[in-house]
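Novice: Please find one structure pasted underneath; my questions will follow.
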There are 4 protein chains.
Amino acid sequence: MKAYGKIDWAFSAGRIPFHSNGEEPEMNSHDKISVLNTSEEDAIVEMLIFYEDQSPVGTYEIRVEAKRVRKIRFNDLIDPEAIQLDRNYSCLIQTSVPVVIQFSRMNTGQNQNAEMGGMAFPADT
Amino acid sequence: MKAYGKIDWAFSAGRIPFHSNGEEPEMNSHDKISVLNTSEEDAIVEMLIFYEDQSPVGTYEIRVEAKRVRKIRFNDLIDPEAIQLDRNYSCLIQTSVPVVIQFSRMNTGQNQNAEMGGMAFPADT
Amino acid sequence: MKAYGKIDWAFSAGRIPFHSNGEEPEMNSHDKISVLNTSEEDAIVEMLIFYEDQSPVGTYEIRVEAKRVRKIRFNDLIDPEAIQLDRNYSCLIQTSVPVVIQFSRMNTGQNQNAEMGGMAFPADT
Amino acid sequence: MKAYGKIDWAFSAGRIPFHSNGEEPEMNSHDKISVLNTSEEDAIVEMLIFYEDQSPVGTYEIRVEAKRVRKIRFNDLIDPEAIQLDRNYSCLIQTSVPVVIQFSRMNTGQNQNAEMGGMAFPADT
C-alpha cells in the first residue's frame, strides 16, 4: 500500500501538566501523538523538542512498524532526557516514510478534565 | 454541483472507550465521521482500520448519496468485523468522488464528558 | 490590505442540539462560524445546507464588511428557512473574496457542557 | 536548521471572556498562540486585530528567538492598546521567517471549564 501523509510535522502548544487526577495510567495528564504508517516499511520517527528558554533537546527516536499505528505519550520519552513538566514546549517530527500524525492532550489536573485534540501541522515550507 | 473536497482522508487517533454513561444512543461513547458529498453522484466510501499489533482490517464500505451528508459511527461498523473497543486504531478513508470529512469523538465514560472534534487529514502525499 | 484565505469552505459535522441550559443567548447551544475578511471590499458569503435525507437548502446569504470579522450563529439563519434542530447537517460556504473561516460549537444541553472548535475545511479540489 | 512552517497565519474566532474562575494566572480565561521558530534567526511576529464594528488595531509586535517556542497570551497584549474583552475578534499574523502557530483557548468563566484547541490557519491565498 502507498505511504499516505507527510514526512515533516510539528505542533507548537505542548505542555505536560504537573497535577493529575484519576486512575493510572489511563487518566494521567499527558500529551500524545498517534502515528499512522500505512506503508510497507517501518517508519523511523525522529522528534526534536523546543523550549522557551533553552536549546532544543533531541533527537528522540521511535519506530512505527509497517501498516501499524502507534501512540506515543510524551510523558514516556526519557532518552536523551525526560520532557520537562509544566513548561511550554514544541515538537518537530520528521519521519523516514510519509505518515499521518494527530496530536491530543488529556488534562485531568486542577479544575480541568478535558481532552483537546487537533492535527499536528504538516510542516512543509 | 461540483464535487468539493478530497478523495483520500485519514485520522490516526481513533479509540472507542469501553465505559459509557448517559442515554442511549445519543450519549454513548463513540468515534464518528461526517461525510459531505456535494457532488451529483453517490460516493462509495472505503475504510481500512489499522491497529497497533495486528494487520489492517477492512475494507468497510459505506455509500453516501449525492448531495447528502452521512454520519458514520465506528461503533456501528461490523462487516467484516466490529472495531475493537479500548484499543488504539487509525482509519484510512478513500472515496469514489471528492468529499469533505470531519472526525469527532464523544467520550462519556469514567471521569470524562467531552466532545473532541477535528478535521480528518486530507491524506495526499 | 491583501485578501487572505480562501473562497470555498465547508464543514460536515453540523448539529444544533434541541436541549440547552444556561443564560440566553450567551450559553445557548449553537453552531457558529467566524468569518474574517481582511480585504478592502465587502464579502458576500453564500451558504448551502446539506441534510441526510432531503435536498440541500439555500442559499443563505450574509455580508461581511471590509476589514471586519463577523460571527454567524446557525440558529439565527431563517431565510429561506430555519436550520432543523437535532439533525445532522453540513454546510458549503462560498465567498466573493478570500476569507478565513473558523467553526465552533457550544453544547450546553443534557450531560454536556463543551465548546468544540475547529477550522472549517478549505474545500478546494 | 531549516525554517519550518509558514509566514502568514490567521484565526477568526477570537474572544477573551470577561468572567474567569480559578488560580491566577494559570486558570485565567485567555486566548493564546504558541509560536515555534525552528530557524537560526529570530522571528519578528506582527499581529493585526480585527473587530466586528471598528477598524483593525495594530500592529502588535513580538519577537520569538531562534530555535525557541514562545506562548503569547492575548490578554497580555497592551501596545498599541489592550484587546477588548467579551468582544469577537480575529487576528492576522505575519512573521519574518516561517513558523508553526497553534491557537488555543482556556475558558474558566460561567458554566464553562474548557480548553479548546486548534491550529491557526496558514493564510496563504
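By convention in this document, the chains of the C-alpha cells carry letters A, B, ... by their order, each chain's residues are numbered from 1, and ligands are numbered from 1 in the order they are shown.
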Got a sec: who's within 10 Å of region 73-81 of chain D, counting only C-alpha atoms, leaving out chain neighbours fewer than 6 positions off, as a PyMOL selection string?
Specialist: chain D and resi 14-16+28-34+57-62+104-105
Novice: Can those selected residues be exported to a file as a PDB file, in the first residue's frame so that it contains N, CA, C and O atoms?
Specialist:
ATOM      1  N   GLY D  14     -11.599  34.592  17.731  1.00  0.00           N
ATOM      2  CA  GLY D  14     -11.066  35.056  19.000  1.00  0.00           C
ATOM      3  C   GLY D  14     -12.131  35.671  19.885  1.00  0.00           C
ATOM      4  O   GLY D  14     -13.066  36.301  19.397  1.00  0.00           O
ATOM      5  N   ARG D  15     -11.994  35.472  21.189  1.00  0.00           N
ATOM      6  CA  ARG D  15     -12.878  36.111  22.169  1.00  0.00           C
ATOM      7  C   ARG D  15     -12.293  35.855  23.556  1.00  0.00           C
ATOM      8  O   ARG D  15     -12.103  34.715  23.952  1.00  0.00           O
ATOM      9  N   ILE D  16     -12.007  36.944  24.274  1.00  0.00           N
ATOM     10  CA  ILE D  16     -11.494  36.823  25.631  1.00  0.00           C
ATOM     11  C   ILE D  16     -12.656  37.069  26.583  1.00  0.00           C
ATOM     12  O   ILE D  16     -13.181  38.177  26.647  1.00  0.00           O
ATOM     13  N   ASN D  28      -6.709  31.537  34.518  1.00  0.00           N
ATOM     14  CA  ASN D  28      -7.396  32.705  33.997  1.00  0.00           C
ATOM     15  C   ASN D  28      -7.869  32.428  32.567  1.00  0.00           C
ATOM     16  O   ASN D  28      -7.167  31.824  31.780  1.00  0.00           O
ATOM     17  N   SER D  29      -9.074  32.877  32.249  1.00  0.00           N
ATOM     18  CA  SER D  29      -9.569  32.707  30.881  1.00  0.00           C
ATOM     19  C   SER D  29      -8.677  33.475  29.911  1.00  0.00           C
ATOM     20  O   SER D  29      -8.369  34.630  30.147  1.00  0.00           O
ATOM     21  N   HIS D  30      -8.271  32.834  28.845  1.00  0.00           N
ATOM     22  CA  HIS D  30      -7.431  33.539  27.892  1.00  0.00           C
ATOM     23  C   HIS D  30      -7.436  32.865  26.523  1.00  0.00           C
ATOM     24  O   HIS D  30      -7.749  31.700  26.395  1.00  0.00           O
ATOM     25  N   ASP D  31      -7.102  33.648  25.530  1.00  0.00           N
ATOM     26  CA  ASP D  31      -6.759  33.143  24.214  1.00  0.00           C
ATOM     27  C   ASP D  31      -5.248  33.206  24.111  1.00  0.00           C
ATOM     28  O   ASP D  31      -4.633  34.164  24.572  1.00  0.00           O
ATOM     29  N   LYS D  32      -4.660  32.189  23.495  1.00  0.00           N
ATOM     30  CA  LYS D  32      -3.205  32.270  23.336  1.00  0.00           C
ATOM     31  C   LYS D  32      -2.778  31.589  22.040  1.00  0.00           C
ATOM     32  O   LYS D  32      -3.481  30.745  21.496  1.00  0.00           O
ATOM     33  N   ILE D  33      -1.598  31.981  21.569  1.00  0.00           N
ATOM     34  CA  ILE D  33      -0.973  31.249  20.475  1.00  0.00           C
ATOM     35  C   ILE D  33       0.403  30.797  20.920  1.00  0.00           C
ATOM     36  O   ILE D  33       1.050  31.451  21.746  1.00  0.00           O
ATOM     37  N   SER D  34       0.808  29.655  20.414  1.00  0.00           N
ATOM     38  CA  SER D  34       2.170  29.178  20.614  1.00  0.00           C
ATOM     39  C   SER D  34       2.882  29.267  19.284  1.00  0.00           C
ATOM     40  O   SER D  34       2.377  28.769  18.277  1.00  0.00           O
ATOM     41  N   VAL D  57      -6.912  47.087  14.631  1.00  0.00           N
ATOM     42  CA  VAL D  57      -5.973  47.706  15.557  1.00  0.00           C
ATOM     43  C   VAL D  57      -4.633  46.965  15.479  1.00  0.00           C
ATOM     44  O   VAL D  57      -4.579  45.748  15.446  1.00  0.00           O
ATOM     45  N   GLY D  58      -3.551  47.741  15.450  1.00  0.00           N
ATOM     46  CA  GLY D  58      -2.228  47.127  15.413  1.00  0.00           C
ATOM     47  C   GLY D  58      -1.244  48.089  14.829  1.00  0.00           C
ATOM     48  O   GLY D  58      -1.586  49.237  14.616  1.00  0.00           O
ATOM     49  N   THR D  59      -0.050  47.642  14.595  1.00  0.00           N
ATOM     50  CA  THR D  59       0.453  46.295  14.696  1.00  0.00           C
ATOM     51  C   THR D  59       0.994  46.023  16.095  1.00  0.00           C
ATOM     52  O   THR D  59       1.692  46.870  16.667  1.00  0.00           O
ATOM     53  N   TYR D  60       0.661  44.817  16.629  1.00  0.00           N
ATOM     54  CA  TYR D  60       1.297  44.307  17.833  1.00  0.00           C
ATOM     55  C   TYR D  60       2.538  43.544  17.385  1.00  0.00           C
ATOM     56  O   TYR D  60       2.461  42.723  16.479  1.00  0.00           O
ATOM     57  N   GLU D  61       3.666  43.790  18.015  1.00  0.00           N
ATOM     58  CA  GLU D  61       4.903  43.130  17.578  1.00  0.00           C
ATOM     59  C   GLU D  61       5.559  42.350  18.706  1.00  0.00           C
ATOM     60  O   GLU D  61       5.716  42.862  19.819  1.00  0.00           O
ATOM     61  N   ILE D  62       5.929  41.116  18.400  1.00  0.00           N
ATOM     62  CA  ILE D  62       6.555  40.219  19.378  1.00  0.00           C
ATOM     63  C   ILE D  62       7.759  39.559  18.711  1.00  0.00           C
ATOM     64  O   ILE D  62       7.710  39.241  17.532  1.00  0.00           O
ATOM     65  N   SER D 104      -5.018  28.254  21.029  1.00  0.00           N
ATOM     66  CA  SER D 104      -5.875  27.553  21.985  1.00  0.00           C
ATOM     67  C   SER D 104      -6.540  28.554  22.911  1.00  0.00           C
ATOM     68  O   SER D 104      -6.120  29.692  23.051  1.00  0.00           O
ATOM     69  N   ARG D 105      -7.616  28.092  23.550  1.00  0.00           N
ATOM     70  CA  ARG D 105      -8.389  28.959  24.433  1.00  0.00           C
ATOM     71  C   ARG D 105      -8.659  28.223  25.735  1.00  0.00           C
ATOM     72  O   ARG D 105      -8.987  27.060  25.758  1.00  0.00           O
TER      73      ARG D 105
END
Novice: Calculate how many Å separate CA of Glu52 (chain B) from CA of Pro17 (chain A), rounding to one decimal.
Specialist: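 Separation between CA of Glu52 (chain B) and CA of Pro17 (chain A): 26.6 Å.
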Novice: For the contact check between chain A and chain B, emit one row per residue of chain A within 6 Å, containing the shortest atom pair and the distance in Å rounded to one decimal, counting only C-alpha atoms, chain then rising number order, as a Markdown table.
Specialist:
| residue | atom | partner | partner_atom | distance |
| --- | --- | --- | --- | --- |
| A:Tyr4 | CA | B:Ala123 | CA | 5.6 |
| A:Gly5 | CA | B:Ala123 | CA | 5.0 |
| A:Ser34 | CA | B:Ala13 | CA | 5.3 |
| A:Leu36 | CA | B:Ser12 | CA | 5.5 |
| A:Arg68 | CA | B:Glu52 | CA | 5.3 |
| A:Val69 | CA | B:Glu52 | CA | 5.0 |
| A:Arg70 | CA | B:Glu52 | CA | 5.7 |
| A:Gln102 | CA | B:Ser12 | CA | 5.9 |
| A:Gly118 | CA | B:Gly118 | CA | 5.7 |
Novice: What does the distance from CA of Lys71 (chain A) to CA of Thr95 (chain A) come to in Å, to one decimal?
Specialist: 14.9 Å
Novice: Between CA of Val35 (chain B) and CA of Val100 (chain A), what is the distance, to one decimal in Å?
Specialist: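 Rounded to one decimal, the two atoms are 19.3 Å apart.
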